[in-house]
Amino acid sequence: MKALAINTRVGKAAAEALMLVALMIPATAQTRQIVVSIPDHRLALIVDGEVKKVYPVATGRAETPSPTGSFKIANRVVNPTYYHQGKQVEPGPGNPVGTRWIGLDEKGYGIHGTNAPGSIGKSASHGCIRMAKKDLEEFFEMVRPGDVVEIRGERDEESAPLFGTPAPVKSVESKPVVMAANEAAPKGGQ
């Protein structure tokens, strides 16, 4: 932590308040990014450019796909109430979103638990990202509102190494070869 110079003219109480504020400010703020690979059914937590943890997840079904793009965590809720198509399920063992909700800035989408743990590793949700209870509760404590969440619909050279999967093979674009035909056939049978 940096040393804090106190102006003694502001008074002892103000100086103590400034010192308390200085102690509460982290010396370095961490940069967190979450990358979700839909084809790999995995989520990676990256802190300050280093992969901290990779989790298996469930993603959206073909009929209700997960959104792709860049989002931010909007909120975090412990023991959420589930709402869907006029249905409401209070917190508890039957709650489809489990014990934690990490809402994205895309209305209606989030990262949450599940009451169907067999769905993890599959395309099984209504578009949200599902995690196993233990994984979600650990992950929940490591993220904050404002953290970036990248949901990728395809493997690319940047995301493939995060999940230990091969990067897509770049197709070499071939151009048709056009040869000019002779106007007259060569003589002598050539």
# chains A, B, ... in the order shown; residues from 1 in each chain; ligands from 1

$ closest_atom_pairs --of "stretch 42-75 of chain A" --to "stretch 89-106 of chain A" --cutoff "12 Å" --atoms "only C-alpha atoms" --output "CSV"
residue,atom,partner,partner_atom,distance
A:Ser66,CA,A:Glu106,CA,10.8
A:Pro67,CA,A:Glu106,CA,8.5
A:Thr68,CA,A:Glu106,CA,10.4
A:Gly69,CA,A:Glu106,CA,10.2
A:Ser70,CA,A:Asp105,CA,9.6
A:Phe71,CA,A:Asp105,CA,6.1
A:Lys72,CA,A:Asp105,CA,5.6
A:Ile73,CA,A:Leu104,CA,4.6
A:Ala74,CA,A:Leu104,CA,5.1
A:Asn75,CA,A:Gly103,CA,5.1

$ select_by_dssp --residues "stretch 20-159 of chain A" --states "alpha helix (DSSP H)" --output "number ranges by chain"
A: 20-24, 133-142

$ write_last_selection --atoms "N, CA and C atoms" --output "JSON list (two decimals), in the first residue's frame"
[["chain", "number", "residue", "atom", "x", "y", "z"],
["A", 20, "LEU", "N", -8.78, 5.73, 7.11],
["A", 20, "LEU", "CA", -9.70, 4.61, 7.01],
["A", 20, "LEU", "C", -10.11, 4.37, 5.55],
["A", 21, "VAL", "N", -10.42, 5.44, 4.84],
["A", 21, "VAL", "CA", -10.77, 5.32, 3.42],
["A", 21, "VAL", "C", -9.60, 4.75, 2.64],
["A", 22, "ALA", "N", -8.40, 5.21, 2.90],
["A", 22, "ALA", "CA", -7.20, 4.72, 2.19],
["A", 22, "ALA", "C", -7.01, 3.23, 2.45],
["A", 23, "LEU", "N", -7.30, 2.76, 3.64],
["A", 23, "LEU", "CA", -7.16, 1.34, 3.94],
["A", 23, "LEU", "C", -8.21, 0.49, 3.23],
["A", 24, "MET", "N", -9.36, 1.07, 2.95],
["A", 24, "MET", "CA", -10.44, 0.33, 2.31],
["A", 24, "MET", "C", -10.28, 0.23, 0.79],
["A", 133, "LYS", "N", -24.04, -26.86, -8.50],
["A", 133, "LYS", "CA", -24.19, -26.06, -7.29],
["A", 133, "LYS", "C", -22.85, -25.67, -6.67],
["A", 134, "LYS", "N", -21.98, -26.64, -6.41],
["A", 134, "LYS", "CA", -20.69, -26.35, -5.77],
["A", 134, "LYS", "C", -19.86, -25.39, -6.62],
["A", 135, "ASP", "N", -19.82, -25.63, -7.93],
["A", 135, "ASP", "CA", -19.07, -24.75, -8.84],
["A", 135, "ASP", "C", -19.63, -23.34, -8.82],
["A", 136, "LEU", "N", -20.96, -23.23, -8.90],
["A", 136, "LEU", "CA", -21.59, -21.92, -8.95],
["A", 136, "LEU", "C", -21.34, -21.13, -7.67],
["A", 137, "GLU", "N", -21.46, -21.79, -6.53],
["A", 137, "GLU", "CA", -21.26, -21.08, -5.27],
["A", 137, "GLU", "C", -19.82, -20.59, -5.13],
["A", 138, "GLU", "N", -18.85, -21.36, -5.63],
["A", 138, "GLU", "CA", -17.45, -20.92, -5.63],
["A", 138, "GLU", "C", -17.27, -19.75, -6.60],
["A", 139, "PHE", "N", -17.78, -19.91, -7.82],
["A", 139, "PHE", "CA", -17.66, -18.89, -8.87],
["A", 139, "PHE", "C", -18.32, -17.58, -8.44],
["A", 140, "PHE", "N", -19.49, -17.67, -7.82],
["A", 140, "PHE", "CA", -20.27, -16.52, -7.37],
["A", 140, "PHE", "C", -19.42, -15.59, -6.50],
["A", 141, "GLU", "N", -18.61, -16.17, -5.63],
["A", 141, "GLU", "CA", -17.78, -15.38, -4.71],
["A", 141, "GLU", "C", -16.61, -14.70, -5.42],
["A", 142, "MET", "N", -16.28, -15.13, -6.63],
["A", 142, "MET", "CA", -15.11, -14.59, -7.33],
["A", 142, "MET", "C", -15.45, -13.52, -8.36]]

$ select_by_dssp --residues "stretch 35-173 of chain A" --states "strand (DSSP E)" --output "ChimeraX atom specification"
/A:35-37,42-47,50-56,59-60,69-78,82-84,87-89,100-104,110-112,123-125,129-130,148-152

$ residues_around --residues "A:Gly127" --least-positions-apart "2" --cutoff "7 Å" --atoms "only C-alpha atoms" --output "ChimeraX atom specification"
/A:59-61,64-67,109,125,129

$ residues_around --residues "stretch 38-50 of chain A" --least-positions-apart "2" --cutoff "10 Å" --atoms "only C-alpha atoms" --output "ChimeraX atom specification"
/A:29-36,52-60,65-68,120-123,129-131,139,142-143,149-155,159-160,162-165

$ decode --residues "stretch 42-76 of chain A" --atoms "N, CA and C atoms" --output "PDB file, in the first residue's frame"
ATOM      1  N   ARG A  42     -18.260 -25.025 -21.602  1.00  0.00           N
ATOM      2  CA  ARG A  42     -17.316 -24.682 -20.535  1.00  0.00           C
ATOM      3  C   ARG A  42     -17.303 -23.167 -20.324  1.00  0.00           C
ATOM      4  N   LEU A  43     -16.948 -22.793 -19.101  1.00  0.00           N
ATOM      5  CA  LEU A  43     -16.831 -21.394 -18.707  1.00  0.00           C
ATOM      6  C   LEU A  43     -15.455 -21.229 -18.075  1.00  0.00           C
ATOM      7  N   ALA A  44     -14.736 -20.193 -18.488  1.00  0.00           N
ATOM      8  CA  ALA A  44     -13.408 -19.907 -17.920  1.00  0.00           C
ATOM      9  C   ALA A  44     -13.451 -18.569 -17.198  1.00  0.00           C
ATOM     10  N   LEU A  45     -12.884 -18.551 -15.999  1.00  0.00           N
ATOM     11  CA  LEU A  45     -12.712 -17.310 -15.250  1.00  0.00           C
ATOM     12  C   LEU A  45     -11.264 -16.890 -15.415  1.00  0.00           C
ATOM     13  N   ILE A  46     -11.071 -15.689 -15.951  1.00  0.00           N
ATOM     14  CA  ILE A  46      -9.732 -15.154 -16.207  1.00  0.00           C
ATOM     15  C   ILE A  46      -9.546 -13.924 -15.322  1.00  0.00           C
ATOM     16  N   VAL A  47      -8.494 -13.931 -14.509  1.00  0.00           N
ATOM     17  CA  VAL A  47      -8.212 -12.812 -13.614  1.00  0.00           C
ATOM     18  C   VAL A  47      -6.839 -12.262 -13.968  1.00  0.00           C
ATOM     19  N   ASP A  48      -6.811 -10.987 -14.290  1.00  0.00           N
ATOM     20  CA  ASP A  48      -5.564 -10.317 -14.679  1.00  0.00           C
ATOM     21  C   ASP A  48      -4.826 -11.092 -15.760  1.00  0.00           C
ATOM     22  N   GLY A  49      -5.565 -11.610 -16.741  1.00  0.00           N
ATOM     23  CA  GLY A  49      -4.980 -12.300 -17.882  1.00  0.00           C
ATOM     24  C   GLY A  49      -4.616 -13.758 -17.630  1.00  0.00           C
ATOM     25  N   GLU A  50      -4.860 -14.268 -16.421  1.00  0.00           N
ATOM     26  CA  GLU A  50      -4.510 -15.646 -16.081  1.00  0.00           C
ATOM     27  C   GLU A  50      -5.787 -16.466 -15.851  1.00  0.00           C
ATOM     28  N   VAL A  51      -5.852 -17.640 -16.467  1.00  0.00           N
ATOM     29  CA  VAL A  51      -7.006 -18.517 -16.267  1.00  0.00           C
ATOM     30  C   VAL A  51      -6.959 -19.049 -14.843  1.00  0.00           C
ATOM     31  N   LYS A  52      -7.977 -18.714 -14.052  1.00  0.00           N
ATOM     32  CA  LYS A  52      -8.039 -19.154 -12.658  1.00  0.00           C
ATOM     33  C   LYS A  52      -8.777 -20.474 -12.519  1.00  0.00           C
ATOM     34  N   LYS A  53      -9.829 -20.657 -13.310  1.00  0.00           N
ATOM     35  CA  LYS A  53     -10.643 -21.857 -13.169  1.00  0.00           C
ATOM     36  C   LYS A  53     -11.476 -22.049 -14.426  1.00  0.00           C
ATOM     37  N   VAL A  54     -11.690 -23.316 -14.795  1.00  0.00           N
ATOM     38  CA  VAL A  54     -12.569 -23.661 -15.911  1.00  0.00           C
ATOM     39  C   VAL A  54     -13.629 -24.599 -15.359  1.00  0.00           C
ATOM     40  N   TYR A  55     -14.889 -24.299 -15.673  1.00  0.00           N
ATOM     41  CA  TYR A  55     -16.017 -25.072 -15.168  1.00  0.00           C
ATOM     42  C   TYR A  55     -16.837 -25.667 -16.308  1.00  0.00           C
ATOM     43  N   PRO A  56     -17.389 -26.873 -16.125  1.00  0.00           N
ATOM     44  CA  PRO A  56     -18.357 -27.387 -17.100  1.00  0.00           C
ATOM     45  C   PRO A  56     -19.695 -26.674 -16.890  1.00  0.00           C
ATOM     46  N   VAL A  57     -20.402 -26.407 -17.971  1.00  0.00           N
ATOM     47  CA  VAL A  57     -21.693 -25.717 -17.884  1.00  0.00           C
ATOM     48  C   VAL A  57     -22.691 -26.323 -18.868  1.00  0.00           C
ATOM     49  N   ALA A  58     -23.944 -25.993 -18.680  1.00  0.00           N
ATOM     50  CA  ALA A  58     -24.978 -26.284 -19.667  1.00  0.00           C
ATOM     51  C   ALA A  58     -25.286 -24.968 -20.368  1.00  0.00           C
ATOM     52  N   THR A  59     -25.597 -25.041 -21.636  1.00  0.00           N
ATOM     53  CA  THR A  59     -25.946 -23.857 -22.423  1.00  0.00           C
ATOM     54  C   THR A  59     -27.328 -24.061 -23.034  1.00  0.00           C
ATOM     55  N   GLY A  60     -27.777 -23.097 -23.809  1.00  0.00           N
ATOM     56  CA  GLY A  60     -29.116 -23.144 -24.385  1.00  0.00           C
ATOM     57  C   GLY A  60     -29.317 -24.249 -25.411  1.00  0.00           C
ATOM     58  N   ARG A  61     -30.545 -24.757 -25.449  1.00  0.00           N
ATOM     59  CA  ARG A  61     -30.936 -25.739 -26.463  1.00  0.00           C
ATOM     60  C   ARG A  61     -31.030 -25.039 -27.814  1.00  0.00           C
ATOM     61  N   ALA A  62     -31.145 -25.825 -28.880  1.00  0.00           N
ATOM     62  CA  ALA A  62     -31.262 -25.266 -30.234  1.00  0.00           C
ATOM     63  C   ALA A  62     -32.499 -24.365 -30.333  1.00  0.00           C
ATOM     64  N   GLU A  63     -33.587 -24.751 -29.668  1.00  0.00           N
ATOM     65  CA  GLU A  63     -34.832 -23.962 -29.721  1.00  0.00           C
ATOM     66  C   GLU A  63     -34.752 -22.692 -28.881  1.00  0.00           C
ATOM     67  N   THR A  64     -33.900 -22.697 -27.870  1.00  0.00           N
ATOM     68  CA  THR A  64     -33.745 -21.549 -26.973  1.00  0.00           C
ATOM     69  C   THR A  64     -32.255 -21.304 -26.742  1.00  0.00           C
ATOM     70  N   PRO A  65     -31.546 -20.847 -27.769  1.00  0.00           N
ATOM     71  CA  PRO A  65     -30.081 -20.738 -27.675  1.00  0.00           C
ATOM     72  C   PRO A  65     -29.615 -19.659 -26.700  1.00  0.00           C
ATOM     73  N   SER A  66     -28.405 -19.856 -26.207  1.00  0.00           N
ATOM     74  CA  SER A  66     -27.764 -18.837 -25.379  1.00  0.00           C
ATOM     75  C   SER A  66     -27.396 -17.666 -26.283  1.00  0.00           C
ATOM     76  N   PRO A  67     -27.522 -16.443 -25.786  1.00  0.00           N
ATOM     77  CA  PRO A  67     -27.109 -15.298 -26.600  1.00  0.00           C
ATOM     78  C   PRO A  67     -25.591 -15.301 -26.752  1.00  0.00           C
ATOM     79  N   THR A  68     -25.102 -14.786 -27.847  1.00  0.00           N
ATOM     80  CA  THR A  68     -23.658 -14.675 -28.032  1.00  0.00           C
ATOM     81  C   THR A  68     -23.275 -13.209 -28.068  1.00  0.00           C
ATOM     82  N   GLY A  69     -22.057 -12.932 -27.656  1.00  0.00           N
ATOM     83  CA  GLY A  69     -21.573 -11.558 -27.661  1.00  0.00           C
ATOM     84  C   GLY A  69     -20.934 -11.207 -26.338  1.00  0.00           C
ATOM     85  N   SER A  70     -20.761  -9.917 -26.124  1.00  0.00           N
ATOM     86  CA  SER A  70     -20.126  -9.394 -24.929  1.00  0.00           C
ATOM     87  C   SER A  70     -21.184  -8.786 -24.015  1.00  0.00           C
ATOM     88  N   PHE A  71     -21.192  -9.230 -22.762  1.00  0.00           N
ATOM     89  CA  PHE A  71     -22.164  -8.769 -21.782  1.00  0.00           C
ATOM     90  C   PHE A  71     -21.424  -8.379 -20.512  1.00  0.00           C
ATOM     91  N   LYS A  72     -22.142  -7.847 -19.549  1.00  0.00           N
ATOM     92  CA  LYS A  72     -21.571  -7.542 -18.239  1.00  0.00           C
ATOM     93  C   LYS A  72     -22.473  -8.129 -17.169  1.00  0.00           C
ATOM     94  N   ILE A  73     -21.857  -8.474 -16.045  1.00  0.00           N
ATOM     95  CA  ILE A  73     -22.652  -8.923 -14.907  1.00  0.00           C
ATOM     96  C   ILE A  73     -23.386  -7.702 -14.367  1.00  0.00           C
ATOM     97  N   ALA A  74     -24.715  -7.819 -14.283  1.00  0.00           N
ATOM     98  CA  ALA A  74     -25.545  -6.718 -13.804  1.00  0.00           C
ATOM     99  C   ALA A  74     -25.842  -6.839 -12.315  1.00  0.00           C
ATOM    100  N   ASN A  75     -26.041  -8.093 -11.829  1.00  0.00           N
ATOM    101  CA  ASN A  75     -26.359  -8.276 -10.419  1.00  0.00           C
ATOM    102  C   ASN A  75     -26.032  -9.691  -9.976  1.00  0.00           C
ATOM    103  N   ARG A  76     -26.031  -9.873  -8.661  1.00  0.00           N
ATOM    104  CA  ARG A  76     -25.782 -11.180  -8.045  1.00  0.00           C
ATOM    105  C   ARG A  76     -26.820 -11.358  -6.952  1.00  0.00           C
TER     106      ARG A  76
END
